[in-house]
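Source file data-v6.cif; content: mmCIF, N, CA, C and O atoms.
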```cif
data_model
#
loop_
_atom_site.label_atom_id
_atom_site.label_comp_id
_atom_site.auth_asym_id
_atom_site.auth_seq_id
_atom_site.Cartn_x
_atom_site.Cartn_y
_atom_site.Cartn_z
N MET A 1 102.34 106.13 107.72
CA MET A 1 102.28 105.38 106.46
C MET A 1 103.63 104.75 106.13
O MET A 1 103.67 103.74 105.45
N LYS A 2 104.69 105.38 106.61
CA LYS A 2 106.03 104.87 106.29
C LYS A 2 106.20 103.42 106.76
O LYS A 2 106.76 102.59 106.04
N ALA A 3 105.70 103.12 107.95
CA ALA A 3 105.82 101.76 108.48
C ALA A 3 105.04 100.78 107.60
O ALA A 3 105.49 99.67 107.35
N ILE A 4 103.87 101.21 107.13
CA ILE A 4 103.07 100.36 106.26
C ILE A 4 103.81 100.11 104.95
O ILE A 4 103.90 98.98 104.48
N TYR A 5 104.36 101.17 104.37
CA TYR A 5 105.11 101.02 103.12
C TYR A 5 106.31 100.08 103.31
O TYR A 5 106.61 99.26 102.45
N ASN A 6 106.99 100.20 104.45
CA ASN A 6 108.15 99.33 104.73
C ASN A 6 107.73 97.86 104.81
O ASN A 6 108.43 96.99 104.30
N VAL A 7 106.59 97.59 105.43
CA VAL A 7 106.11 96.21 105.53
C VAL A 7 105.76 95.68 104.15
O VAL A 7 106.11 94.55 103.81
N LEU A 8 105.07 96.49 103.35
CA LEU A 8 104.73 96.04 102.00
C LEU A 8 105.98 95.74 101.19
O LEU A 8 106.05 94.72 100.49
N GLN A 9 106.98 96.60 101.29
CA GLN A 9 108.22 96.38 100.54
C GLN A 9 108.93 95.11 101.04
O GLN A 9 109.52 94.38 100.24
N SER A 10 108.85 94.85 102.34
CA SER A 10 109.49 93.63 102.87
C SER A 10 108.81 92.36 102.37
O SER A 10 109.38 91.29 102.43
N LEU A 11 107.57 92.51 101.87
CA LEU A 11 106.84 91.38 101.30
C LEU A 11 107.02 91.31 99.78
O LEU A 11 106.37 90.52 99.11
N GLY A 12 107.87 92.17 99.25
CA GLY A 12 108.11 92.17 97.81
C GLY A 12 107.02 92.89 97.03
O GLY A 12 106.92 92.72 95.81
N ILE A 13 106.20 93.66 97.73
CA ILE A 13 105.13 94.42 97.08
C ILE A 13 105.66 95.83 96.86
O ILE A 13 105.98 96.53 97.82
N HIS A 14 105.74 96.22 95.62
CA HIS A 14 106.36 97.52 95.29
C HIS A 14 105.36 98.48 94.68
O HIS A 14 104.25 98.10 94.31
N ARG A 15 105.79 99.69 94.54
CA ARG A 15 104.93 100.76 94.03
C ARG A 15 104.50 100.57 92.57
O ARG A 15 103.71 101.34 92.06
N THR A 16 105.02 99.57 91.93
CA THR A 16 104.62 99.29 90.54
C THR A 16 103.21 98.70 90.46
O THR A 16 102.62 98.68 89.40
N TYR A 17 102.70 98.22 91.60
CA TYR A 17 101.32 97.73 91.67
C TYR A 17 100.41 98.88 92.08
O TYR A 17 100.69 99.57 93.06
N LYS A 18 99.31 99.07 91.36
CA LYS A 18 98.31 100.03 91.81
C LYS A 18 97.80 99.64 93.19
O LYS A 18 97.56 100.49 94.05
N GLY A 19 97.64 98.35 93.37
CA GLY A 19 97.13 97.84 94.63
C GLY A 19 98.00 98.14 95.83
O GLY A 19 97.54 98.09 96.97
N TYR A 20 99.26 98.46 95.60
CA TYR A 20 100.19 98.81 96.68
C TYR A 20 99.59 99.94 97.51
O TYR A 20 99.55 99.88 98.74
N TYR A 21 99.14 100.98 96.84
CA TYR A 21 98.59 102.14 97.53
C TYR A 21 97.23 101.84 98.15
O TYR A 21 96.91 102.35 99.23
N TYR A 22 96.45 101.00 97.49
CA TYR A 22 95.15 100.63 98.01
C TYR A 22 95.30 99.80 99.28
O TYR A 22 94.58 100.01 100.26
N VAL A 23 96.23 98.85 99.27
CA VAL A 23 96.48 98.02 100.46
C VAL A 23 96.97 98.91 101.60
O VAL A 23 96.51 98.79 102.73
N ALA A 24 97.90 99.81 101.30
CA ALA A 24 98.45 100.69 102.33
C ALA A 24 97.34 101.52 102.98
O ALA A 24 97.27 101.62 104.22
N GLU A 25 96.47 102.09 102.18
CA GLU A 25 95.38 102.90 102.72
C GLU A 25 94.41 102.03 103.52
O GLU A 25 93.95 102.43 104.59
N ALA A 26 94.10 100.85 103.02
CA ALA A 26 93.20 99.94 103.73
C ALA A 26 93.78 99.54 105.08
O ALA A 26 93.07 99.54 106.10
N VAL A 27 95.06 99.24 105.11
CA VAL A 27 95.72 98.87 106.38
C VAL A 27 95.68 100.06 107.34
O VAL A 27 95.37 99.90 108.53
N ARG A 28 95.95 101.26 106.83
CA ARG A 28 95.92 102.46 107.68
C ARG A 28 94.53 102.64 108.30
O ARG A 28 94.41 102.88 109.51
N LEU A 29 93.50 102.49 107.50
CA LEU A 29 92.14 102.65 108.00
C LEU A 29 91.78 101.58 109.03
O LEU A 29 91.16 101.87 110.06
N VAL A 30 92.18 100.33 108.77
CA VAL A 30 91.87 99.23 109.69
C VAL A 30 92.66 99.37 110.99
O VAL A 30 92.16 99.02 112.06
N MET A 31 93.86 99.91 110.91
CA MET A 31 94.64 100.14 112.13
C MET A 31 93.91 101.13 113.04
O MET A 31 93.99 101.02 114.26
N LYS A 32 93.21 102.08 112.46
CA LYS A 32 92.45 103.07 113.23
C LYS A 32 91.10 102.53 113.68
O LYS A 32 90.61 102.89 114.74
N ASP A 33 90.47 101.68 112.85
CA ASP A 33 89.14 101.16 113.15
C ASP A 33 88.99 99.75 112.58
O ASP A 33 88.62 99.58 111.41
N ALA A 34 89.27 98.77 113.41
CA ALA A 34 89.25 97.37 112.97
C ALA A 34 87.86 96.90 112.55
O ALA A 34 87.73 95.94 111.80
N THR A 35 86.82 97.59 112.99
CA THR A 35 85.46 97.17 112.61
C THR A 35 85.21 97.34 111.12
O THR A 35 84.26 96.76 110.59
N MET A 36 86.05 98.09 110.43
CA MET A 36 85.89 98.24 108.98
C MET A 36 86.02 96.88 108.28
O MET A 36 85.49 96.69 107.19
N LEU A 37 86.72 95.94 108.89
CA LEU A 37 86.87 94.61 108.31
C LEU A 37 85.56 93.83 108.32
O LEU A 37 85.39 92.89 107.54
N LEU A 38 84.63 94.22 109.17
CA LEU A 38 83.34 93.54 109.23
C LEU A 38 82.50 93.82 107.99
O LEU A 38 81.66 93.01 107.61
N TYR A 39 82.73 94.97 107.40
CA TYR A 39 81.96 95.40 106.23
C TYR A 39 82.92 95.86 105.14
O TYR A 39 82.86 96.99 104.68
N ILE A 40 83.78 94.95 104.75
CA ILE A 40 84.87 95.30 103.83
C ILE A 40 84.36 95.89 102.51
O ILE A 40 84.91 96.87 102.02
N SER A 41 83.29 95.31 101.97
CA SER A 41 82.75 95.80 100.69
C SER A 41 81.89 97.05 100.85
O SER A 41 81.73 97.80 99.90
N LYS A 42 81.35 97.25 102.03
CA LYS A 42 80.45 98.38 102.23
C LYS A 42 81.09 99.57 102.92
O LYS A 42 80.55 100.67 102.87
N SER A 43 82.23 99.35 103.58
CA SER A 43 82.87 100.48 104.25
C SER A 43 84.33 100.66 103.86
O SER A 43 84.75 101.76 103.50
N LEU A 44 85.11 99.58 103.90
CA LEU A 44 86.55 99.72 103.65
C LEU A 44 86.87 100.04 102.19
O LEU A 44 87.55 101.04 101.91
N TYR A 45 86.39 99.22 101.27
CA TYR A 45 86.68 99.48 99.85
C TYR A 45 86.16 100.85 99.39
O TYR A 45 86.86 101.56 98.69
N PRO A 46 84.93 101.24 99.78
CA PRO A 46 84.47 102.57 99.38
C PRO A 46 85.34 103.70 99.93
O PRO A 46 85.58 104.70 99.23
N ALA A 47 85.83 103.54 101.16
CA ALA A 47 86.69 104.57 101.75
C ALA A 47 88.01 104.70 100.97
O ALA A 47 88.49 105.80 100.71
N VAL A 48 88.58 103.56 100.60
CA VAL A 48 89.83 103.57 99.82
C VAL A 48 89.57 104.14 98.43
O VAL A 48 90.34 104.97 97.93
N ALA A 49 88.47 103.73 97.82
CA ALA A 49 88.13 104.21 96.47
C ALA A 49 87.95 105.72 96.46
O ALA A 49 88.37 106.40 95.52
N LYS A 50 87.37 106.25 97.51
CA LYS A 50 87.15 107.70 97.60
C LYS A 50 88.48 108.45 97.65
O LYS A 50 88.65 109.46 96.98
N VAL A 51 89.43 107.94 98.43
CA VAL A 51 90.75 108.57 98.54
C VAL A 51 91.44 108.63 97.19
O VAL A 51 92.06 109.63 96.84
N TYR A 52 91.33 107.56 96.40
CA TYR A 52 92.04 107.46 95.13
C TYR A 52 91.17 107.76 93.92
O TYR A 52 91.60 107.56 92.79
N ASP A 53 89.95 108.23 94.17
CA ASP A 53 89.03 108.62 93.10
C ASP A 53 88.90 107.51 92.05
O ASP A 53 89.14 107.71 90.86
N THR A 54 88.55 106.33 92.55
CA THR A 54 88.38 105.17 91.67
C THR A 54 87.15 104.40 92.12
O THR A 54 86.42 104.85 93.00
N THR A 55 86.93 103.24 91.52
CA THR A 55 85.75 102.45 91.86
C THR A 55 86.08 101.40 92.91
O THR A 55 87.23 101.00 93.08
N ILE A 56 85.04 100.94 93.56
CA ILE A 56 85.17 99.89 94.57
C ILE A 56 85.71 98.61 93.93
O ILE A 56 86.60 97.96 94.49
N SER A 57 85.21 98.27 92.76
CA SER A 57 85.66 97.05 92.09
C SER A 57 87.13 97.13 91.69
O SER A 57 87.84 96.14 91.73
N CYS A 58 87.58 98.33 91.33
CA CYS A 58 89.00 98.52 91.00
C CYS A 58 89.87 98.29 92.23
O CYS A 58 90.91 97.63 92.16
N VAL A 59 89.44 98.82 93.36
CA VAL A 59 90.18 98.62 94.62
C VAL A 59 90.24 97.14 94.95
O VAL A 59 91.32 96.60 95.23
N GLU A 60 89.09 96.48 94.89
CA GLU A 60 89.03 95.06 95.23
C GLU A 60 89.92 94.23 94.31
O GLU A 60 90.70 93.39 94.77
N ARG A 61 89.84 94.46 93.01
CA ARG A 61 90.63 93.71 92.03
C ARG A 61 92.12 93.92 92.24
O ARG A 61 92.90 92.96 92.23
N ASN A 62 92.53 95.16 92.45
CA ASN A 62 93.96 95.44 92.59
C ASN A 62 94.54 94.91 93.89
O ASN A 62 95.70 94.51 93.94
N ILE A 63 93.74 94.89 94.94
CA ILE A 63 94.21 94.28 96.19
C ILE A 63 94.37 92.77 96.00
O ILE A 63 95.36 92.18 96.43
N ARG A 64 93.41 92.14 95.32
CA ARG A 64 93.52 90.70 95.03
C ARG A 64 94.76 90.40 94.19
O ARG A 64 95.44 89.39 94.40
N THR A 65 95.07 91.28 93.24
CA THR A 65 96.25 91.10 92.39
C THR A 65 97.53 91.14 93.23
O THR A 65 98.44 90.33 93.03
N VAL A 66 97.59 92.06 94.17
CA VAL A 66 98.75 92.15 95.06
C VAL A 66 98.91 90.86 95.85
O VAL A 66 100.01 90.30 95.94
N ILE A 67 97.81 90.37 96.40
CA ILE A 67 97.86 89.16 97.22
C ILE A 67 98.28 87.95 96.37
O ILE A 67 99.11 87.15 96.80
N SER A 68 97.75 87.85 95.17
CA SER A 68 98.11 86.74 94.28
C SER A 68 99.59 86.78 93.92
O SER A 68 100.27 85.74 93.91
N GLY A 69 100.10 87.96 93.64
CA GLY A 69 101.52 88.11 93.33
C GLY A 69 102.39 87.71 94.50
O GLY A 69 103.41 87.02 94.33
N LEU A 70 101.99 88.12 95.69
CA LEU A 70 102.73 87.75 96.90
C LEU A 70 102.68 86.24 97.11
O LEU A 70 103.70 85.61 97.41
N TRP A 71 101.50 85.66 96.94
CA TRP A 71 101.32 84.23 97.20
C TRP A 71 102.19 83.37 96.28
O TRP A 71 102.62 82.28 96.66
N GLU A 72 102.46 83.86 95.08
CA GLU A 72 103.28 83.12 94.12
C GLU A 72 104.77 83.44 94.25
O GLU A 72 105.57 82.93 93.47
N SER A 73 105.13 84.24 95.24
CA SER A 73 106.52 84.67 95.38
C SER A 73 107.22 83.94 96.53
O SER A 73 106.61 83.14 97.24
N GLU A 74 108.48 84.30 96.71
CA GLU A 74 109.27 83.72 97.80
C GLU A 74 109.03 84.42 99.14
O GLU A 74 109.63 84.07 100.15
N TYR A 75 108.12 85.39 99.16
CA TYR A 75 107.88 86.19 100.37
C TYR A 75 106.76 85.65 101.25
O TYR A 75 106.41 86.28 102.25
N VAL A 76 106.19 84.51 100.90
CA VAL A 76 105.09 83.95 101.69
C VAL A 76 105.54 83.69 103.12
O VAL A 76 104.79 83.94 104.07
N SER A 77 106.76 83.22 103.31
CA SER A 77 107.25 82.93 104.66
C SER A 77 107.31 84.20 105.51
O SER A 77 107.08 84.16 106.72
N GLU A 78 107.59 85.32 104.88
CA GLU A 78 107.60 86.60 105.60
C GLU A 78 106.18 86.95 106.06
O GLU A 78 105.97 87.41 107.18
N LEU A 79 105.21 86.73 105.19
CA LEU A 79 103.81 86.97 105.56
C LEU A 79 103.41 86.04 106.72
O LEU A 79 102.71 86.47 107.64
N GLU A 80 103.85 84.80 106.67
CA GLU A 80 103.56 83.87 107.76
C GLU A 80 104.17 84.34 109.07
O GLU A 80 103.56 84.18 110.13
N THR A 81 105.33 84.94 109.00
CA THR A 81 105.96 85.51 110.19
C THR A 81 105.07 86.62 110.76
O THR A 81 104.85 86.69 111.97
N PHE A 82 104.57 87.48 109.89
CA PHE A 82 103.69 88.56 110.33
C PHE A 82 102.40 87.99 110.93
O PHE A 82 101.88 88.51 111.91
N ALA A 83 101.87 86.92 110.31
CA ALA A 83 100.62 86.31 110.76
C ALA A 83 100.80 85.52 112.06
O ALA A 83 99.87 85.36 112.83
N GLY A 84 102.00 84.99 112.26
CA GLY A 84 102.26 84.19 113.45
C GLY A 84 101.81 82.75 113.31
O GLY A 84 101.84 81.99 114.28
N VAL A 85 101.37 82.37 112.12
CA VAL A 85 100.92 81.00 111.85
C VAL A 85 101.31 80.61 110.43
O VAL A 85 101.57 81.47 109.59
N ARG A 86 101.31 79.31 110.17
CA ARG A 86 101.54 78.82 108.82
C ARG A 86 100.27 79.03 108.01
O ARG A 86 99.17 78.76 108.48
N LEU A 87 100.42 79.54 106.81
CA LEU A 87 99.28 79.76 105.93
C LEU A 87 99.22 78.63 104.90
O LEU A 87 100.17 78.43 104.16
N TYR A 88 98.11 77.92 104.87
CA TYR A 88 97.96 76.79 103.96
C TYR A 88 97.20 77.14 102.70
O TYR A 88 97.11 76.35 101.78
N ARG A 89 96.64 78.35 102.68
CA ARG A 89 95.96 78.82 101.48
C ARG A 89 96.17 80.33 101.38
O ARG A 89 96.50 80.98 102.36
N LYS A 90 95.96 80.83 100.20
CA LYS A 90 96.10 82.26 99.96
C LYS A 90 95.07 83.00 100.82
O LYS A 90 93.89 82.64 100.81
N PRO A 91 95.49 84.03 101.56
CA PRO A 91 94.53 84.76 102.39
C PRO A 91 93.56 85.58 101.53
O PRO A 91 93.90 86.01 100.43
N THR A 92 92.37 85.76 102.06
CA THR A 92 91.42 86.67 101.41
C THR A 92 91.92 88.09 101.59
O THR A 92 92.83 88.34 102.40
N SER A 93 91.32 89.02 100.92
CA SER A 93 91.71 90.42 101.06
C SER A 93 91.57 90.88 102.51
O SER A 93 92.47 91.51 103.06
N GLY A 94 90.45 90.54 103.12
CA GLY A 94 90.23 90.93 104.51
C GLY A 94 91.25 90.31 105.45
O GLY A 94 91.75 90.99 106.36
N GLU A 95 91.56 89.04 105.24
CA GLU A 95 92.56 88.37 106.09
C GLU A 95 93.93 89.01 105.92
O GLU A 95 94.65 89.22 106.89
N PHE A 96 94.28 89.31 104.68
CA PHE A 96 95.58 89.92 104.39
C PHE A 96 95.71 91.28 105.06
O PHE A 96 96.71 91.56 105.75
N ILE A 97 94.71 92.10 104.91
CA ILE A 97 94.73 93.43 105.52
C ILE A 97 94.77 93.31 107.04
O ILE A 97 95.49 94.03 107.72
N ASP A 98 94.01 92.36 107.58
CA ASP A 98 93.98 92.12 109.02
C ASP A 98 95.35 91.69 109.54
O ASP A 98 95.81 92.16 110.58
N ILE A 99 96.02 90.79 108.82
CA ILE A 99 97.36 90.34 109.23
C ILE A 99 98.31 91.52 109.32
O ILE A 99 99.03 91.70 110.31
N LEU A 100 98.32 92.36 108.29
CA LEU A 100 99.23 93.50 108.27
C LEU A 100 98.89 94.52 109.35
O LEU A 100 99.78 95.03 110.04
N ALA A 101 97.61 94.82 109.52
CA ALA A 101 97.19 95.79 110.53
C ALA A 101 97.53 95.29 111.93
O ALA A 101 98.05 96.07 112.76
N ASN A 102 97.25 94.01 112.21
CA ASN A 102 97.60 93.45 113.53
C ASN A 102 99.09 93.48 113.78
O ASN A 102 99.54 93.80 114.88
N TYR A 103 99.85 93.11 112.78
CA TYR A 103 101.31 93.10 112.91
C TYR A 103 101.82 94.51 113.23
O TYR A 103 102.60 94.70 114.17
N LEU A 104 101.37 95.50 112.47
CA LEU A 104 101.83 96.87 112.69
C LEU A 104 101.35 97.43 114.03
O LEU A 104 102.11 98.13 114.71
N ASN A 105 100.12 97.13 114.41
CA ASN A 105 99.63 97.60 115.70
C ASN A 105 100.41 96.96 116.85
O ASN A 105 100.71 97.63 117.83
N SER A 106 100.77 95.68 116.72
CA SER A 106 101.53 95.02 117.78
C SER A 106 102.94 95.59 117.88
O SER A 106 103.49 95.70 118.97
N LYS A 107 103.52 96.00 116.75
CA LYS A 107 104.84 96.63 116.77
C LYS A 107 104.76 97.99 117.46
O LYS A 107 105.67 98.37 118.17
N ASN A 108 103.68 98.72 117.24
CA ASN A 108 103.51 100.04 117.83
C ASN A 108 103.29 99.96 119.34
O ASN A 108 103.67 100.86 120.07
N GLU A 109 102.66 98.87 119.78
CA GLU A 109 102.40 98.68 121.21
C GLU A 109 103.67 98.25 121.95
O GLU A 109 103.81 98.53 123.12
N GLY A 110 104.53 97.52 121.25
CA GLY A 110 105.72 96.97 121.88
C GLY A 110 106.78 97.96 122.01
O GLY A 110 107.41 98.42 122.83
#
```

Can you present the structure in this file as structure tokens?
Amino acid sequence: MKAIYNVLQSLGIHRTYKGYYYVAEAVRLVMKDATMLLYISKSLYPAVAKVYDTTISCVERNIRTVISGLWESEYVSELETFAGVRLYRKPTSGEFIDILANYLNSKNEG
């Protein structure tokens, strides 16, 4: 989890966001099983909600808030570095989690 937290902090996402922990858990789960991204609302969000004893809609909303905050910040170029491409629109929650999980998995393989 430390590597995930470091990546989030490098994107200007701090522990002051509830979504910080939700994104971190979602990335951890997707790093272990990427197929969770296929059913984000039916498998990933419920798994995160269960860990934090909250609702699926709360997880979804707080992850979107994190992404919106990042998109409006000076850290977008850092996210593009992680993605390996220029981003012309704000990523969806699934895309954002996928970018971070792929980046971290590629670092672990290298």

Residue members of the PyMOL selection byres ((chain A and resi 91) around 8) in the file shown, as a list in words | Ile63, Arg64, Ile67, Ser68, Trp71, Leu87, Tyr88, Arg89, Lys90, Thr92, Ser93, Gly94, Glu95, Phe96 and Ile97 of chain A

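Counting from atom CA of Ile56 of chain A, the distance to atom O of Tyr22 of chain A is 11.0 Å.
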
Would you translate the PyMOL selection byres ((chain A and resi 40-50) around 7) into the concrete set of residues it matches in this file, as a PyMOL selection string?
-> chain A and resi 22+25-26+35-39+51-57+59-60+94

Would you work out the distance separating atom CA of Tyr21 of chain A from atom CA of Tyr5 of chain A, expressed in Å to one decimal?
-> 8.7 Å

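Residue nearest Asn102 of chain A, chosen from A:Ile4, A:Tyr20, A:Leu11, A:Gly69 and counting only C-alpha atoms: A:Ile4.
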
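Residues matching the PyMOL selection byres ((chain A and resi 83) around 8) in this structure come to Val76, Ser77, Glu78, Leu79, Glu80, Thr81, Phe82, Gly84, Val85, Arg86, Leu87, Glu95, Asp98, Ile99, Leu100, Asn102 and Tyr103 of chain A.
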
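Between atom CA of Asn6 of chain A and atom CA of Cys58 of chain A lies a distance of 23.6 Å.
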
DSSP-assigned helix (DSSP H, G or I) among segment 3-33 of chain A, expressed as a VMD selection string = chain A and resid 3 to 10 18 to 32

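Minimum atom-to-atom distances from A:Gly19, A:Leu8, A:Met1, A:Ile13 to Arg61 of chain A were compared using all atoms listed in the file, and the lowest value belongs to A:Gly19.
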